[in-house]
Each structure stands twice: as C-alpha cells, then as structure tokens.
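Structure file upload.csv (CSV, C-alpha atoms) follows.
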```
chain,number,residue,atom,x,y,z
A,208,MET,CA,-30.4,-25.0,20.7
A,209,ASN,CA,-31.1,-22.1,18.4
A,210,VAL,CA,-29.3,-21.5,15.1
A,211,LEU,CA,-28.9,-18.2,13.1
A,212,SER,CA,-27.8,-18.7,9.5
A,213,SER,CA,-26.5,-16.1,7.1
A,214,GLY,CA,-25.0,-16.2,3.7
A,215,SER,CA,-26.1,-17.5,0.3
A,216,ILE,CA,-29.9,-17.5,-0.1
A,217,ALA,CA,-31.5,-17.9,-3.5
A,218,MET,CA,-34.4,-19.2,-5.5
A,219,ASP,CA,-33.3,-22.0,-7.7
A,220,VAL,CA,-34.6,-22.8,-11.2
A,221,VAL,CA,-33.9,-26.5,-11.5
A,222,LEU,CA,-33.7,-27.9,-15.0
A,223,ASN,CA,-33.7,-31.7,-15.2
A,224,SER,CA,-31.8,-32.7,-18.3
A,225,SER,CA,-31.0,-35.9,-20.1
A,226,ALA,CA,-27.3,-35.1,-19.9
A,227,LEU,CA,-24.8,-32.3,-19.4
A,228,PRO,CA,-23.9,-31.3,-22.9
A,229,GLU,CA,-20.3,-31.0,-24.2
A,230,ASP,CA,-19.1,-27.7,-25.6
A,231,ASP,CA,-21.4,-26.6,-28.4
A,232,GLY,CA,-23.6,-29.6,-27.7
A,233,PHE,CA,-27.3,-30.1,-26.9
A,234,ALA,CA,-29.4,-31.8,-24.2
A,235,LEU,CA,-33.1,-32.1,-23.6
A,236,ILE,CA,-34.8,-30.4,-20.6
A,237,GLU,CA,-37.2,-33.0,-19.3
A,238,LYS,CA,-38.6,-30.9,-16.4
A,239,GLU,CA,-38.1,-27.5,-14.9
A,240,LYS,CA,-39.2,-26.1,-11.6
A,241,MET,CA,-38.6,-23.0,-9.4
A,242,GLN,CA,-37.9,-23.8,-5.8
A,243,PRO,CA,-36.1,-22.2,-2.8
A,244,GLY,CA,-32.5,-22.9,-2.2
A,245,GLY,CA,-29.2,-21.3,-1.3
A,246,SER,CA,-26.7,-23.1,0.9
A,247,SER,CA,-27.3,-20.9,4.0
A,248,SER,CA,-31.1,-21.4,4.0
A,249,ASN,CA,-30.7,-25.1,3.1
A,250,VAL,CA,-28.7,-25.6,6.3
A,251,ALA,CA,-31.3,-23.7,8.4
A,252,VAL,CA,-34.0,-25.9,7.0
A,253,SER,CA,-32.0,-29.1,7.7
A,254,ALA,CA,-31.4,-27.9,11.3
A,255,ALA,CA,-35.1,-27.1,11.7
A,256,GLY,CA,-35.9,-30.6,10.5
A,257,PHE,CA,-33.9,-32.1,13.4
A,258,GLY,CA,-35.9,-30.0,15.8
A,259,MET,CA,-33.5,-27.1,16.3
A,260,GLY,CA,-34.7,-23.5,16.5
A,261,ALA,CA,-33.6,-22.0,13.1
A,262,CYS,CA,-33.7,-18.4,12.0
A,263,GLN,CA,-32.5,-17.0,8.6
A,264,VAL,CA,-31.0,-13.6,8.1
A,265,GLY,CA,-30.6,-12.1,4.6
A,266,LYS,CA,-31.9,-9.7,2.1
A,267,VAL,CA,-34.1,-10.3,-0.9
A,268,GLY,CA,-36.0,-8.2,-3.4
A,269,ASP,CA,-39.7,-7.4,-3.3
A,270,ASP,CA,-40.0,-9.4,-6.5
A,271,GLU,CA,-41.9,-12.7,-6.8
A,272,MET,CA,-38.7,-14.7,-6.1
A,273,GLY,CA,-38.2,-12.8,-2.8
A,274,ARG,CA,-41.8,-13.3,-1.7
A,275,ARG,CA,-41.7,-17.0,-2.5
A,276,PHE,CA,-38.4,-17.4,-0.7
A,277,ILE,CA,-39.6,-15.9,2.6
A,278,GLN,CA,-42.8,-17.9,2.4
A,279,SER,CA,-40.8,-21.1,1.9
A,280,LEU,CA,-38.9,-20.5,5.1
A,281,ARG,CA,-42.1,-20.4,7.1
A,282,GLU,CA,-43.3,-23.5,5.4
A,283,ASP,CA,-40.0,-25.3,6.2
A,284,GLY,CA,-40.0,-24.3,9.9
A,285,VAL,CA,-37.4,-21.5,9.7
A,286,SER,CA,-38.1,-18.1,11.1
A,287,PRO,CA,-37.9,-15.2,8.6
A,288,GLU,CA,-37.9,-12.7,11.4
A,289,TYR,CA,-34.6,-11.1,10.3
A,290,MET,CA,-35.2,-11.3,6.6
A,291,ILE,CA,-35.0,-7.8,5.0
A,292,THR,CA,-36.8,-6.9,1.7
A,293,LYS,CA,-35.3,-4.4,-0.7
A,294,GLU,CA,-37.7,-2.2,-2.7
A,295,ASN,CA,-37.5,-2.9,-6.4
A,296,GLY,CA,-34.7,-5.4,-5.6
A,297,ILE,CA,-33.7,-8.4,-7.6
A,298,THR,CA,-33.4,-11.6,-5.5
A,299,MET,CA,-30.4,-13.8,-6.0
A,300,HIS,CA,-31.3,-16.8,-8.1
A,301,THR,CA,-29.6,-19.8,-9.7
A,302,TYR,CA,-30.1,-22.1,-12.6
A,303,ILE,CA,-29.2,-25.7,-11.6
A,304,VAL,CA,-28.9,-28.2,-14.5
A,305,THR,CA,-29.1,-31.8,-13.3
A,306,ALA,CA,-28.4,-35.0,-15.2
A,307,PRO,CA,-28.5,-38.7,-14.4
A,308,GLN,CA,-26.2,-40.2,-11.7
A,309,GLY,CA,-26.5,-37.0,-9.6
A,310,LYS,CA,-24.4,-34.8,-11.9
A,311,HIS,CA,-25.2,-31.1,-12.0
A,312,THR,CA,-23.9,-27.7,-12.8
A,313,ILE,CA,-24.9,-24.3,-11.4
A,314,PHE,CA,-25.2,-20.8,-12.8
A,315,ALA,CA,-25.7,-17.9,-10.3
A,316,ASN,CA,-27.3,-14.5,-10.8
A,317,LEU,CA,-26.4,-12.6,-7.7
A,318,GLY,CA,-29.2,-10.0,-8.1
A,319,ASP,CA,-28.7,-6.7,-6.3
A,320,CYS,CA,-29.6,-7.4,-2.7
A,321,MET,CA,-26.7,-9.5,-1.3
A,322,GLN,CA,-24.0,-7.0,-2.1
A,323,ASP,CA,-25.4,-3.9,-0.4
A,324,PHE,CA,-26.6,-5.7,2.7
A,325,THR,CA,-24.9,-4.2,5.8
A,326,HIS,CA,-25.0,-5.0,9.6
A,327,HIS,CA,-26.6,-1.6,10.2
A,328,GLU,CA,-29.9,-3.1,8.9
A,329,LEU,CA,-29.8,-5.7,11.7
A,330,PRO,CA,-31.4,-5.3,15.2
A,331,GLU,CA,-29.0,-5.2,18.1
A,332,GLU,CA,-30.7,-8.2,19.8
A,333,ILE,CA,-30.3,-10.5,16.8
A,334,LEU,CA,-27.9,-12.9,18.7
A,335,ASP,CA,-29.5,-12.7,22.1
A,336,ASP,CA,-31.2,-16.1,21.9
A,337,ILE,CA,-28.8,-17.8,19.5
A,338,ASP,CA,-26.5,-20.7,20.5
A,339,ILE,CA,-24.8,-21.3,17.1
A,340,TYR,CA,-24.1,-18.9,14.3
A,341,TYR,CA,-23.6,-20.5,10.8
A,342,THR,CA,-22.3,-18.7,7.7
A,343,ASP,CA,-20.8,-19.4,4.3
A,344,MET,CA,-19.7,-15.7,4.1
A,345,PHE,CA,-21.8,-14.6,1.3
A,346,SER,CA,-23.2,-11.1,2.2
A,347,PRO,CA,-19.7,-10.8,3.6
A,348,GLU,CA,-20.0,-7.5,5.6
A,349,VAL,CA,-23.0,-8.9,7.6
A,350,SER,CA,-21.5,-12.3,7.9
A,351,LEU,CA,-18.2,-11.1,9.3
A,352,TYR,CA,-20.0,-8.7,11.7
A,353,LEU,CA,-22.1,-11.6,13.1
A,354,ALA,CA,-19.1,-13.9,13.3
A,355,GLN,CA,-17.1,-11.4,15.3
A,356,GLU,CA,-20.1,-10.6,17.5
A,357,SER,CA,-20.7,-14.3,18.1
A,358,VAL,CA,-17.1,-14.7,19.4
A,359,ARG,CA,-17.6,-11.6,21.6
A,360,ARG,CA,-20.8,-13.1,23.1
A,361,GLY,CA,-19.4,-16.6,23.6
A,362,LYS,CA,-21.5,-18.3,20.9
A,363,LYS,CA,-20.4,-21.2,18.7
A,364,MET,CA,-19.7,-20.3,15.1
A,365,MET,CA,-19.7,-22.7,12.2
A,366,LEU,CA,-17.9,-21.5,9.0
A,367,ASN,CA,-18.6,-23.3,5.7
A,368,MET,CA,-16.2,-22.9,2.7
A,369,GLN,CA,-19.1,-23.3,0.3
A,370,ALA,CA,-16.9,-22.5,-2.7
A,371,VAL,CA,-13.3,-22.0,-3.5
A,372,ILE,CA,-12.0,-18.6,-2.4
A,373,SER,CA,-11.3,-17.5,-6.0
A,374,PHE,CA,-15.0,-17.9,-6.8
A,375,MET,CA,-16.0,-16.2,-3.6
A,376,GLU,CA,-13.9,-13.2,-4.5
A,377,LEU,CA,-15.9,-12.9,-7.7
A,378,CYS,CA,-19.0,-12.7,-5.5
A,379,GLY,CA,-17.5,-9.9,-3.4
A,380,VAL,CA,-16.0,-11.9,-0.5
A,381,SER,CA,-12.4,-10.8,0.0
A,382,LEU,CA,-9.6,-13.1,1.2
A,383,GLN,CA,-9.0,-10.7,4.1
A,384,GLN,CA,-12.7,-10.9,5.2
A,385,PHE,CA,-12.6,-14.7,5.0
A,386,GLU,CA,-9.5,-15.0,7.0
A,387,LYS,CA,-11.0,-12.8,9.7
A,388,ALA,CA,-13.9,-15.1,9.8
A,389,LEU,CA,-11.5,-18.1,10.1
A,390,GLU,CA,-10.2,-16.5,13.3
A,391,CYS,CA,-13.7,-16.5,14.7
A,392,CYS,CA,-15.0,-20.0,13.9
A,393,SER,CA,-15.5,-22.8,16.3
A,394,VAL,CA,-15.6,-25.4,13.5
A,395,LEU,CA,-14.6,-25.2,9.9
A,396,VAL,CA,-16.2,-27.2,7.1
A,397,GLY,CA,-15.3,-27.5,3.4
A,398,GLY,CA,-14.6,-29.8,0.5
A,399,ARG,CA,-11.2,-30.9,-0.9
A,400,ALA,CA,-11.2,-28.1,-3.5
A,401,ALA,CA,-11.9,-25.4,-1.0
A,402,TYR,CA,-9.1,-26.6,1.3
A,403,SER,CA,-6.6,-26.9,-1.5
A,404,ASP,CA,-7.5,-23.5,-3.0
A,405,LEU,CA,-7.1,-21.7,0.4
A,406,PHE,CA,-4.3,-23.7,2.1
A,407,GLY,CA,-2.5,-25.7,-0.7
A,408,GLU,CA,0.4,-23.3,-1.2
A,409,ARG,CA,0.9,-23.0,2.6
A,410,ALA,CA,0.4,-26.6,3.7
A,411,GLY,CA,0.9,-28.7,0.5
A,412,ASP,CA,-1.4,-31.0,-1.4
A,413,ASP,CA,-2.2,-33.5,1.4
A,414,VAL,CA,-5.7,-32.9,2.9
A,415,GLU,CA,-4.5,-33.9,6.4
A,416,ALA,CA,-1.7,-31.3,6.2
A,417,GLN,CA,-4.3,-28.7,5.1
A,418,LEU,CA,-6.6,-29.5,8.0
A,419,ARG,CA,-3.8,-29.4,10.5
A,420,TYR,CA,-2.6,-26.1,9.2
A,421,ALA,CA,-6.1,-24.6,9.4
A,422,VAL,CA,-6.7,-25.7,12.9
A,423,GLN,CA,-3.3,-24.7,14.3
A,424,HIS,CA,-2.9,-21.4,12.4
A,425,TYR,CA,-6.4,-20.1,13.2
A,426,GLN,CA,-6.8,-21.8,16.6
A,427,ILE,CA,-10.1,-23.4,15.6
A,428,GLU,CA,-11.5,-24.7,18.9
A,429,ASP,CA,-13.6,-27.6,17.7
A,430,GLY,CA,-11.5,-28.6,14.7
A,431,ALA,CA,-11.9,-28.7,10.9
A,432,ILE,CA,-13.9,-31.0,8.7
A,433,CYS,CA,-13.2,-31.9,5.1
A,434,THR,CA,-16.1,-33.5,3.2
A,435,LEU,CA,-15.0,-36.2,0.7
A,436,GLY,CA,-18.1,-36.7,-1.4
A,437,SER,CA,-19.2,-40.4,-1.5
A,438,GLU,CA,-16.1,-41.3,0.4
A,439,GLY,CA,-17.4,-39.6,3.6
A,440,ALA,CA,-15.6,-37.1,5.6
A,441,VAL,CA,-12.6,-36.5,7.9
A,442,TRP,CA,-12.5,-34.3,11.1
A,443,TYR,CA,-9.2,-33.1,12.6
A,444,ASP,CA,-9.7,-32.2,16.3
A,445,GLY,CA,-6.3,-30.7,16.9
A,446,SER,CA,-4.6,-34.0,17.7
A,447,ASP,CA,-6.3,-36.8,15.8
A,448,PHE,CA,-7.9,-37.4,12.4
A,449,ILE,CA,-11.3,-39.0,12.6
A,450,TYR,CA,-12.6,-40.6,9.4
A,451,SER,CA,-16.2,-41.7,8.6
A,452,GLU,CA,-17.1,-43.5,5.4
A,453,GLY,CA,-19.9,-42.3,3.2
A,454,TYR,CA,-23.0,-44.3,2.3
A,455,LYS,CA,-23.2,-45.8,-1.1
A,456,VAL,CA,-26.5,-44.7,-2.8
A,457,ASP,CA,-27.7,-44.3,-6.3
A,458,PRO,CA,-28.1,-40.5,-6.3
A,459,VAL,CA,-31.1,-38.7,-7.7
A,460,ASP,CA,-29.7,-35.2,-7.1
A,461,THR,CA,-26.6,-34.3,-5.0
A,462,THR,CA,-27.5,-30.6,-4.9
A,463,GLY,CA,-27.6,-29.5,-1.2
A,464,ALA,CA,-26.1,-32.7,0.2
A,465,GLY,CA,-23.3,-30.7,1.8
A,466,ASP,CA,-25.9,-28.4,3.4
A,467,CYS,CA,-27.7,-31.4,5.0
A,468,PHE,CA,-24.3,-32.6,6.2
A,469,ASN,CA,-23.7,-29.3,7.9
A,470,GLY,CA,-27.1,-29.3,9.5
A,471,GLY,CA,-26.4,-32.9,10.7
A,472,ILE,CA,-23.1,-31.9,12.2
A,473,MET,CA,-24.6,-29.0,14.1
A,474,TYR,CA,-27.4,-31.1,15.5
A,475,ALA,CA,-25.4,-34.2,16.3
A,476,PHE,CA,-22.3,-32.5,17.8
A,477,TYR,CA,-23.7,-29.4,19.5
A,478,GLU,CA,-27.3,-30.3,20.2
A,479,LYS,CA,-27.0,-34.0,21.0
A,480,GLY,CA,-23.4,-34.1,22.3
A,481,MET,CA,-22.4,-37.0,20.1
A,482,SER,CA,-18.7,-37.7,19.6
A,483,ARG,CA,-17.0,-36.5,16.4
A,484,LYS,CA,-17.1,-40.0,14.9
A,485,GLU,CA,-20.8,-40.4,15.7
A,486,SER,CA,-21.5,-36.9,14.4
A,487,LEU,CA,-19.7,-37.6,11.1
A,488,LYS,CA,-21.7,-40.8,10.7
A,489,PHE,CA,-25.0,-39.0,11.4
A,490,ALA,CA,-24.1,-36.1,9.0
A,491,ASN,CA,-23.1,-38.6,6.3
A,492,GLY,CA,-26.5,-40.2,6.7
A,493,ALA,CA,-28.3,-36.9,6.4
A,494,ALA,CA,-26.4,-36.1,3.2
A,495,ALA,CA,-27.1,-39.5,1.7
A,496,ILE,CA,-30.8,-39.1,2.4
A,497,LYS,CA,-30.7,-35.8,0.5
A,498,CYS,CA,-29.1,-37.5,-2.5
A,499,LEU,CA,-32.1,-39.7,-2.8
A,500,LYS,CA,-34.4,-36.7,-3.2
A,501,PRO,CA,-34.7,-34.2,-6.0
A,502,GLY,CA,-34.2,-30.5,-5.3
A,503,PRO,CA,-31.7,-28.5,-3.2
A,504,ARG,CA,-33.5,-28.9,0.2
A,505,SER,CA,-34.1,-31.8,2.4
A,506,ILE,CA,-35.9,-32.2,5.7
A,507,ALA,CA,-35.1,-35.3,7.7
A,508,SER,CA,-35.7,-36.1,11.4
A,509,GLU,CA,-33.2,-37.8,13.7
A,510,ALA,CA,-35.3,-41.0,13.6
A,511,GLN,CA,-35.2,-41.0,9.8
A,512,VAL,CA,-31.4,-40.7,9.8
A,513,PHE,CA,-31.0,-43.5,12.3
A,514,ASP,CA,-33.4,-45.7,10.4
A,515,PHE,CA,-31.3,-45.1,7.3
A,516,GLU,CA,-28.1,-45.8,9.0
A,517,ASN,CA,-29.5,-49.1,10.5
A,518,SER,CA,-30.7,-50.2,7.1
A,519,ARG,CA,-27.2,-49.8,5.8
A,520,ASP,CA,-25.2,-51.3,8.7
```
Would it be possible to restate this file's structure as structure tokens?
Amino acid sequence: MNVLSSGSIAMDVVLNSSALPEDDGFALIEKEKMQPGGSSSNVAVSAAGFGMGACQVGKVGDDEMGRRFIQSLREDGVSPEYMITKENGITMHTYIVTAPQGKHTIFANLGDCMQDFTHHELPEEILDDIDIYYTDMFSPEVSLYLAQESVRRGKKMMLNMQAVISFMELCGVSLQQFEKALECCSVLVGGRAAYSDLFGERAGDDVEAQLRYAVQHYQIEDGAICTLGSEGAVWYDGSDFIYSEGYKVDPVDTTGAGDCFNGGIMYAFYEKGMSRKESLKFANGAAAIKCLKPGPRSIASEAQVFDFENSRD
C-alpha cells in the first residue's frame, strides 16, 4: 500500500543534556546534532521501513535545512516528489533537549514556509496512487484539502492529534479546521492530553468516554486510539475497548516514539490486515524499539518488531 503524509516537517537540533534544568537553573550540553525530524515525516519514514510506499508532501525553504531535509527523505526511502521549495524561505526547525531516562523538551521555530503553503501548489494527481493519507494537520489548509479529497476518492485517512488543540491553534490550526478533518478520518490517534483538551468538556475526564464520544460524534469508521505512553494503548472500535500493554524498556530517547507507533498501526492494520489487538501490539513494539535509539526517527522492519516482541513475551 502507498502512504501520503503531510503535516509537521522539520530539521531538529538535538541537544543531549545532563538534566532538564529547573527555572533559572543550568545543565551541561554533552552532545549536539542536527538531524531531520517532524512528526509527519517520521511517520512516513517508519512506514517506508516496513516496506510501504511512502511519499511526503510539504514546503521547506531553499536554506541548508531545507536541502538537508529533502535529501534525508531520499536516504530514508521516502519519495520527496511532492516537496515544494520556497525561495529565500526559512525551514521549520526545532530544538530538542534530551536528558536521562528519556526525558525531553521541545522548542519549535515555525519558519515561514508551513503557514503559506496552499493546495493550489499541489498537482491534481497527488492522490491517484495513494491508499492511505496521513496528517497531523500542520500546514492546515493543505492538510484539510487532502483529507476532504481522500474521503471523496474513497481513500483511508489517519488523523493524528500530535499536540493539544490549544497549541495547534498557536501554530495556525483552527478548531474549525481540525473538526472538519475529524469528519474525514478513518482512524483517529492521540495521547491522553490531546483527547482531554479536545473532548474533556463534552465527554468528561474518562478516556474511554472521550474515545466513545469521538467515534460516535464524528462517525469515525475504524475507531479511535489513545496512546498511553509506557502503559501501551487503547483502541475503541465503536463497540469495544481493546487494550494492549506497552513494553518496559530503559529509554534512550522517547522523541518520535508516537510516530513509529502510527507507522506501525498503518502497516499492521491496513497493509497486513492484523486485528486491532495485534496491530496495537505491533505498534507498541515499533514505539519501544524507537525508545532504544537516539534521535527522532527510527527505521524498523516487520521482522525486527516481531523479534523484539518474541524476546519480551
């Protein structure tokens, strides 16, 4: 199956520190490195690692970061065919500060490419050979257009609540745009905080109630998933709640673990036809493998995930 991914794309400046300092405090930077990231492209790379055809759409500047980002897609097996370069543009980039036990914090510089990216810059045939469209709704105008076109053309659409809606609004994603995307999605994924922020007032504090509300209110065909960190994940399919425990590991870096989870879900459920329970287990394995590696991206094959699972069973 072929996946088209849109949304957050960035170059990450990763700073490995001895600790995350308290207010007015200090910490030592032990290592720093620039590397490609962004949740949307991390998911595309994860899907490509499992053997899916993956294509990234987005807009970067013609600066060094933009050039390095596009090159990294090619190196990681993702097609940059629909990547657009803005003359004199500033590519989105982040500063990720990591600390022992997998702790991290992220600062984002949005640049000037994501906000003015519109669907008029896309070719009409962009969805012709696509089976699954994935988005986290950054670059909202393009993402919503592709979501609505995916529905019109009978494609599967995976929507990731990458951040709480209050933060997404700061990045130019309106609540109205996000709710329109919810009406298009085949499966919804997000963490506890994202579900609570968006559905808490309407459904209450219980995560199961929030999942039930999302699926029933927006008629989400394949259900909604809440990731629970090291505890695993839960999937509501419209009638039942399916839980899968996470894997206990000593994390090196948890950045991008959710992206590998999403890549694992797409591959296991849509490509391989696994059950929801099996798909959650597979995705939890992919996320755990990522936590054992530094940096925001991880490439793991199906065999590597199964080997990891078997070593833990």
For this session: Fewer than 5 positions away in the same chain doesn't count, so skip those; otherwise give me all residues within 12 Å of A:Leu499, counting all atoms listed in the file, as a list in words.
Result: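 In the requested format, the answer is Gln308, Gly309, Tyr454, Lys455, Val456, Asp457, Pro458, Val459, Asp460, Thr461, Thr462, Gly463, Ala464, Gly492, Ala493, Ala494, Arg504, Ser505, Ile506, Ala507 and Phe515 of chain A.
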Put those residues in a file: C-alpha atoms, as a CSV table (one decimal), in the coordinates of the input.
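Dumped everything to selection15.csv:
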```
chain,number,residue,atom,x,y,z
A,308,GLN,CA,-26.2,-40.2,-11.7
A,309,GLY,CA,-26.5,-37.0,-9.6
A,454,TYR,CA,-23.0,-44.3,2.3
A,455,LYS,CA,-23.2,-45.8,-1.1
A,456,VAL,CA,-26.5,-44.7,-2.8
A,457,ASP,CA,-27.7,-44.3,-6.3
A,458,PRO,CA,-28.1,-40.5,-6.3
A,459,VAL,CA,-31.1,-38.7,-7.7
A,460,ASP,CA,-29.7,-35.2,-7.1
A,461,THR,CA,-26.6,-34.3,-5.0
A,462,THR,CA,-27.5,-30.6,-4.9
A,463,GLY,CA,-27.6,-29.5,-1.2
A,464,ALA,CA,-26.1,-32.7,0.2
A,492,GLY,CA,-26.5,-40.2,6.7
A,493,ALA,CA,-28.3,-36.9,6.4
A,494,ALA,CA,-26.4,-36.1,3.2
A,504,ARG,CA,-33.5,-28.9,0.2
A,505,SER,CA,-34.1,-31.8,2.4
A,506,ILE,CA,-35.9,-32.2,5.7
A,507,ALA,CA,-35.1,-35.3,7.7
A,515,PHE,CA,-31.3,-45.1,7.3
```
Problem set entry | Nearest candidate to A:Ser248 (options A:Asp343, A:Asp514, A:Asp270, A:Asp323; using all atoms listed in the file) |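 Distance minimum relative to A:Ser248 lands on A:Asp343.
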Tell me, as a PDB file with C-alpha atoms, keeping the file's coordinate frame, which residues lie within 12 Å of A:Glu356, counting all atoms listed in the file; anything in the same chain fewer than 2 positions away does not count.
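The resulting file, out.pdb, is shown below:
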```
ATOM      1  CA  HIS A 326     -25.000  -5.000   9.600  1.00  0.00           C
ATOM      2  CA  GLU A 331     -29.000  -5.200  18.100  1.00  0.00           C
ATOM      3  CA  GLU A 332     -30.700  -8.200  19.800  1.00  0.00           C
ATOM      4  CA  ILE A 333     -30.300 -10.500  16.800  1.00  0.00           C
ATOM      5  CA  LEU A 334     -27.900 -12.900  18.700  1.00  0.00           C
ATOM      6  CA  ASP A 335     -29.500 -12.700  22.100  1.00  0.00           C
ATOM      7  CA  ILE A 337     -28.800 -17.800  19.500  1.00  0.00           C
ATOM      8  CA  ILE A 339     -24.800 -21.300  17.100  1.00  0.00           C
ATOM      9  CA  TYR A 340     -24.100 -18.900  14.300  1.00  0.00           C
ATOM     10  CA  VAL A 349     -23.000  -8.900   7.600  1.00  0.00           C
ATOM     11  CA  SER A 350     -21.500 -12.300   7.900  1.00  0.00           C
ATOM     12  CA  LEU A 351     -18.200 -11.100   9.300  1.00  0.00           C
ATOM     13  CA  TYR A 352     -20.000  -8.700  11.700  1.00  0.00           C
ATOM     14  CA  LEU A 353     -22.100 -11.600  13.100  1.00  0.00           C
ATOM     15  CA  ALA A 354     -19.100 -13.900  13.300  1.00  0.00           C
ATOM     16  CA  VAL A 358     -17.100 -14.700  19.400  1.00  0.00           C
ATOM     17  CA  ARG A 359     -17.600 -11.600  21.600  1.00  0.00           C
ATOM     18  CA  ARG A 360     -20.800 -13.100  23.100  1.00  0.00           C
ATOM     19  CA  GLY A 361     -19.400 -16.600  23.600  1.00  0.00           C
ATOM     20  CA  LYS A 362     -21.500 -18.300  20.900  1.00  0.00           C
ATOM     21  CA  LYS A 363     -20.400 -21.200  18.700  1.00  0.00           C
ATOM     22  CA  MET A 364     -19.700 -20.300  15.100  1.00  0.00           C
ATOM     23  CA  ALA A 388     -13.900 -15.100   9.800  1.00  0.00           C
ATOM     24  CA  CYS A 391     -13.700 -16.500  14.700  1.00  0.00           C
ATOM     25  CA  CYS A 392     -15.000 -20.000  13.900  1.00  0.00           C
TER      26      CYS A 392
END
```
Problem set entry | Residues within 12 Å of stretch 405-420 of chain A, all atoms listed in the file, excluding chain neighbours under 2 positions, as a PyMOL selection string | chain A and resi 368+370-376+382-383+385-386+389+394-403+422-427+430-435+440-450
Exercise. Suppose you want the space between atom CA of A:Glu271 and atom CA of A:Leu235; what is it in Å?
Worked result: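 We find that atom CA of A:Glu271 and atom CA of A:Leu235 lie 27.1 Å from each other.
Using all atoms listed in the file, the shortest contact distance between A:Asp429 and any of A:Ser482, A:Ser381, A:Ser246, A:Ser346 is found at A:Ser482.
If you measure from each of A:Val221, A:Met208, A:Met321, A:Val264 to A:Pro503 using all atoms listed in the file, the closest one turns out to be A:Val221.
Shortest separation to A:Glu390 among A:Phe513, A:Gln369, A:Ala490, A:Glu428 occurs at residue A:Glu428, atoms counted being all atoms listed in the file.
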Exercise. Interatomic distance between atom CA of A:Ile303 and atom CA of A:Ser247?
Worked result: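 Pair atom CA of A:Ile303 / atom CA of A:Ser247 returns 16.4 Å.
Atom CA of A:Met272 to atom CA of A:Val304 spans 18.7 Å [interatomic distance, one decimal].
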For this session: Identify which of the residues A:Tyr302, A:Phe468, A:Tyr341, A:Phe476 lies closest to A:Asn316, counting only C-alpha atoms when measuring atom-to-atom distances.
Result: A:Tyr302
